[in-house]
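**Student:** Structure below; questions to follow.
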Amino acid sequence: MIRIKDIARKAEVSPTTVSNVIHGNHKKVSEETVEKVEKLLAEMDYIPSMGARMLAGGSSRVIGILAGEPDEWKHCGEGHAFTNILIRSMESEIYRRNYYMLLHFTETPEEGIQFAATWNVEGLITLGFGTRENEKLQRSCKVPMVSIDTYYEKQKVANVGLDDVNGGYLMAEYLLETGHRRIAFLSDNDIGVDHERWKGVCMACREKGLEERYGCGKGLAQAEGSGKKGSEEHCGCGKGLAQAEGSGKKGSEERYGSEKGLEPSEGNVRKEGSAGGYMQHIIIPKGRKRRIAFYEKNLARLSQEYDALFFASDYYAVEALAGLDDMGIRVPYDVSVAGFDDTESSRMCRPRLTTVHQDVEEKARRAVKKLFEFIQGGREISLADKLPVKLVIRDSVENRRVIVQNE
């Protein structure tokens, strides 16, 4: 390994002079010496020590990526294509700017604050944190920061997100136009992006004249181990549906938005309905084992009670497609299935998944670009970017419209 003293000996200058050239302190060094040292650095393949640079108090050239909810994010290689693409794209954009990305999974803002200080990061991008956690991180870390997919009542933290409301609206509108009148929206929570997507579903529902009504969760058959309290994880299901093991838990009120008419009901079930049709929000378990148990107990019933299942992500939709196929339930003939994200799995599964497209790579590019605008001291930088979405129609939704021809 080439050391600074090796370069200094070759250039016949002091190690301090070489260090000044490496760290850009050219005011103390002649142009001739700078050229000679830089040439030797290239010829001898010198690699600077990031640890030494940080100890010296200089620029670390490190961008920290903080991912909340570690149990979900750290297993991204197991099938969460959205997460894989997002992190890979951010790393590429950061490296293109001659910086390095450091990814850290954490459960608390306090751990994130310690991470930022320990590694002397020059900026932070956060994933999977709530509003208050991000605001605390920004106040405490005192470095440029951008969040991804977080909603704020008062925009204090820069964020790059998606037009989630329109995404939910476009899919619900399409399902209604194709003759579906009993539609379930399934997600693992009712905050942030999933709450906004449900709002879009409600908007399309109202435009068709459907009156709002909420399921009360009565008659829920609980599986062994359910009915526990104290967890923030929610598992709601429709009337008469069995809950997966460990479900039925109650949690913090923060997990729900407060828009009038959109509060979740007891049992985490919400319906929008009128004579001959209704829409319902069903909260499914986050943990894969309990989610699969939920599918095994409830998918057959769901396919009978609803004519369309709209999942908040492609990952969950493809998972359900496999479960339905195992049960001999034909998609889209027996029930239509739709997703959100337009990941690679949505094109590879059979039937191919009708979904809502978002440009994940552009989301990563926009977040990194915005962060570097802050690092470089830019002004008049937008605090809230919303990327557009579009409907992608494939094979998993059946056209159920009845066309009557005059004889």
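Quick note on naming: the chains in the structure tokens go A, B, ... in the order shown, residues restart at 1 in each chain, and ligands are numbered from 1 in order of appearance.
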Would you please extract all strand (DSSP E or B) residues from segment 53-167 of chain A, as assigned by DSSP on the backbone, and give them as a list in words?
**Tutor:**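 Across segment 53-167 of chain A, those assigned strand (DSSP E or B) are Val62, Ile63, Gly64, Ile65, Leu66, Ala67, Tyr100, Met101, Leu102, Leu103, His104, Phe105, Gly123, Leu124, Ile125, Thr126, Leu127, Met145, Val146, Ser147, Ile148, Ala158, Asn159, Val160, Gly161 and Leu162 of chain A.
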**Student:** Could you check how far atom CA of Tyr278 of chain A sits from atom CA of Tyr151 of chain A, in Å to one decimal?
**Tutor:** 27.8 Å
**Student:** Quick one, how far is atom CA of Val335 of chain A from atom CA of Ala308 of chain A?
**Tutor:**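 Distance reported for this atom pair: 5.6 Å.
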**Student:** Residues at most 8 Å from Ser303 of chain A, counting only C-alpha atoms, excluding those fewer than 3 positions away in the same chain, as a list of chain:residue names?
**Tutor:** A:Leu299, A:Ala300, A:Tyr306, A:Asp307, A:Ala308, A:Leu309, A:Ile329, A:Asp334, A:Val335
**Student:** Generate the output file for the selected residues, N, CA and C atoms, as a short mmCIF file (atom, residue, chain, number, x, y, z; two decimals), in the first residue's frame.
**Tutor:**
data_model
loop_
_atom_site.label_atom_id
_atom_site.label_comp_id
_atom_site.auth_asym_id
_atom_site.auth_seq_id
_atom_site.Cartn_x
_atom_site.Cartn_y
_atom_site.Cartn_z
N LEU A 299 -57.76 -15.80 1.82
CA LEU A 299 -57.78 -15.48 0.39
C LEU A 299 -59.00 -16.05 -0.31
N ALA A 300 -59.37 -17.27 0.01
CA ALA A 300 -60.54 -17.87 -0.65
C ALA A 300 -61.79 -17.04 -0.37
N TYR A 306 -65.13 -10.12 -2.79
CA TYR A 306 -64.70 -8.98 -3.61
C TYR A 306 -64.45 -9.45 -5.03
N ASP A 307 -64.68 -8.57 -5.99
CA ASP A 307 -64.33 -8.94 -7.36
C ASP A 307 -63.00 -8.34 -7.80
N ALA A 308 -62.37 -7.51 -6.93
CA ALA A 308 -61.03 -6.99 -7.23
C ALA A 308 -60.27 -6.78 -5.93
N LEU A 309 -59.00 -7.21 -5.90
CA LEU A 309 -58.10 -7.00 -4.77
C LEU A 309 -56.98 -6.08 -5.25
N ILE A 329 -57.78 -20.79 -7.42
CA ILE A 329 -58.61 -19.62 -7.72
C ILE A 329 -58.01 -18.91 -8.93
N ASP A 334 -61.92 -15.47 -11.62
CA ASP A 334 -62.63 -15.55 -10.36
C ASP A 334 -62.52 -14.24 -9.56
N VAL A 335 -61.37 -13.60 -9.63
CA VAL A 335 -61.15 -12.33 -8.95
C VAL A 335 -60.01 -11.58 -9.66
#
**Student:** Which segment 315-400 of chain A residues have any atom within 9 Å of an atom of segment 168-184 of chain A, and for each, what is the nearest pair of atoms with distance in Å to one decimal, counting only C-alpha atoms, rows sorted by chain and number, as a tab-separated table?
**Tutor:**
residue	atom	partner	partner_atom	distance
A:Ser336	CA	A:His180	CA	8.7
A:Ala338	CA	A:Met171	CA	8.0
A:Gly339	CA	A:Met171	CA	8.8
A:Phe340	CA	A:Gly168	CA	8.6
A:Thr354	CA	A:Met171	CA	8.9
A:Thr355	CA	A:Met171	CA	7.5
A:Val356	CA	A:Met171	CA	7.0
A:Val389	CA	A:Leu170	CA	8.9
A:Lys390	CA	A:Leu170	CA	7.7
A:Leu391	CA	A:Leu170	CA	6.5
A:Val397	CA	A:Leu175	CA	7.8
A:Glu398	CA	A:Thr178	CA	7.2
A:Asn399	CA	A:Thr178	CA	4.7
A:Arg400	CA	A:Gly179	CA	4.7
**Student:** Tell me, in Å to one decimal, how far atom CA of Leu66 of chain A is from atom CA of Arg97 of chain A.
**Tutor:**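 Atom-to-atom, atom CA of Leu66 of chain A and atom CA of Arg97 of chain A are spaced 19.4 Å apart.
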**Student:** Restricting the calculation to only C-alpha atoms, which member of A:Glu296, A:Gly377, A:Ala117, A:Phe185 is positioned closest to Asp326 of chain A?
**Tutor:**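 Using only C-alpha atoms, Asp326 of chain A sits closest to A:Glu296.
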**Student:** Rank A:Tyr295, A:Val360, A:Asp164, A:Phe311 by their smallest atom-to-atom distance to Leu324 of chain A, using only C-alpha atoms, and report the top residue only.
**Tutor:**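 The answer is A:Tyr295, which sits nearest to Leu324 of chain A.
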**Student:** Identify all residues of segment 154-215 of chain A in alpha helix (DSSP H) (DSSP on the backbone) and supply them as a ChimeraX atom specification.
**Tutor:** /A:164-177,192-207
**Student:** Of the residues A:Phe82, A:Gln155, A:Ala67, A:Tyr46, which is the one nearest to Gly112 of chain A, using only C-alpha atoms?
**Tutor:**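 Of all the options, A:Ala67 lies closest to Gly112 of chain A.
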**Student:** Near Ile292 of chain A, within 9 Å and counting only C-alpha atoms, which residues show up once chain neighbours fewer than 4 positions away are dropped, as a VMD selection string?
**Tutor:** chain A and resid 244 285 287 to 288 296 to 297 319 to 320 323
**Student:** Give me the residues within 7 Å of Lys5 of chain A as a PDB file with C-alpha atoms, in the first residue's frame, counting only C-alpha atoms and dropping any in the same chain fewer than 3 places off.
**Tutor:**
ATOM      1  CA  ALA A   8       6.955  12.609  -0.596  1.00  0.00           C
ATOM      2  CA  ARG A   9      10.260  10.742  -0.916  1.00  0.00           C
ATOM      3  CA  PRO A  15       4.772  14.636   3.686  1.00  0.00           C
TER       4      PRO A  15
END
**Student:** Excluding segment 59-62 of chain A and residues on its chain fewer than 3 positions from it, collect all residues at most 6 Å away from it, counting only C-alpha atoms, and give them as a tab-separated table (two decimals) with all heavy atoms, in the first residue's frame.
**Tutor:**
chain	number	residue	atom	x	y	z
A	54	MET	N	-11.07	11.77	7.80
A	54	MET	CA	-12.07	12.15	8.80
A	54	MET	C	-11.43	12.57	10.11
A	54	MET	O	-11.87	13.50	10.77
A	54	MET	CB	-13.06	11.00	9.01
A	54	MET	CG	-14.04	10.82	7.86
A	54	MET	SD	-15.31	9.60	8.18
A	54	MET	CE	-14.40	8.10	7.87
A	99	TYR	N	-18.41	10.73	-4.46
A	99	TYR	CA	-18.69	10.55	-3.04
A	99	TYR	C	-18.95	9.07	-2.79
A	99	TYR	O	-19.04	8.28	-3.73
A	99	TYR	CB	-19.92	11.37	-2.60
A	99	TYR	CG	-19.63	12.81	-2.28
A	99	TYR	CD1	-19.26	13.71	-3.27
A	99	TYR	CD2	-19.73	13.29	-0.98
A	99	TYR	CE1	-19.00	15.04	-2.99
A	99	TYR	CE2	-19.49	14.62	-0.67
A	99	TYR	CZ	-19.11	15.49	-1.68
A	99	TYR	OH	-18.86	16.80	-1.38
A	100	TYR	N	-19.07	8.71	-1.52
A	100	TYR	CA	-19.30	7.32	-1.14
A	100	TYR	C	-20.60	7.21	-0.34
A	100	TYR	O	-20.92	8.11	0.45
A	100	TYR	CB	-18.13	6.77	-0.32
A	100	TYR	CG	-16.82	6.81	-1.06
A	100	TYR	CD1	-15.99	7.92	-0.98
A	100	TYR	CD2	-16.44	5.74	-1.87
A	100	TYR	CE1	-14.80	7.97	-1.68
A	100	TYR	CE2	-15.25	5.78	-2.58
A	100	TYR	CZ	-14.43	6.90	-2.48
A	100	TYR	OH	-13.25	6.96	-3.18
A	101	MET	N	-21.31	6.12	-0.53
A	101	MET	CA	-22.56	5.89	0.19
A	101	MET	C	-22.34	4.92	1.34
A	101	MET	O	-21.68	3.89	1.18
A	101	MET	CB	-23.63	5.32	-0.75
A	101	MET	CG	-25.00	5.16	-0.10
A	101	MET	SD	-26.20	4.33	-1.18
A	101	MET	CE	-25.84	2.60	-0.78
A	121	VAL	N	-20.66	12.29	8.25
A	121	VAL	CA	-21.30	12.31	6.93
A	121	VAL	C	-21.56	13.76	6.50
A	121	VAL	O	-21.79	14.65	7.33
A	121	VAL	CB	-22.62	11.51	6.92
A	121	VAL	CG1	-22.36	10.05	7.27
A	121	VAL	CG2	-23.65	12.12	7.86
A	122	GLU	N	-21.51	13.99	5.20
A	122	GLU	CA	-21.74	15.34	4.68
A	122	GLU	C	-23.21	15.58	4.35
A	122	GLU	O	-23.61	16.71	4.09
A	122	GLU	CB	-20.87	15.57	3.46
A	122	GLU	CG	-19.39	15.57	3.80
A	122	GLU	CD	-18.53	16.08	2.66
A	122	GLU	OE1	-18.98	16.98	1.92
A	122	GLU	OE2	-17.42	15.57	2.51
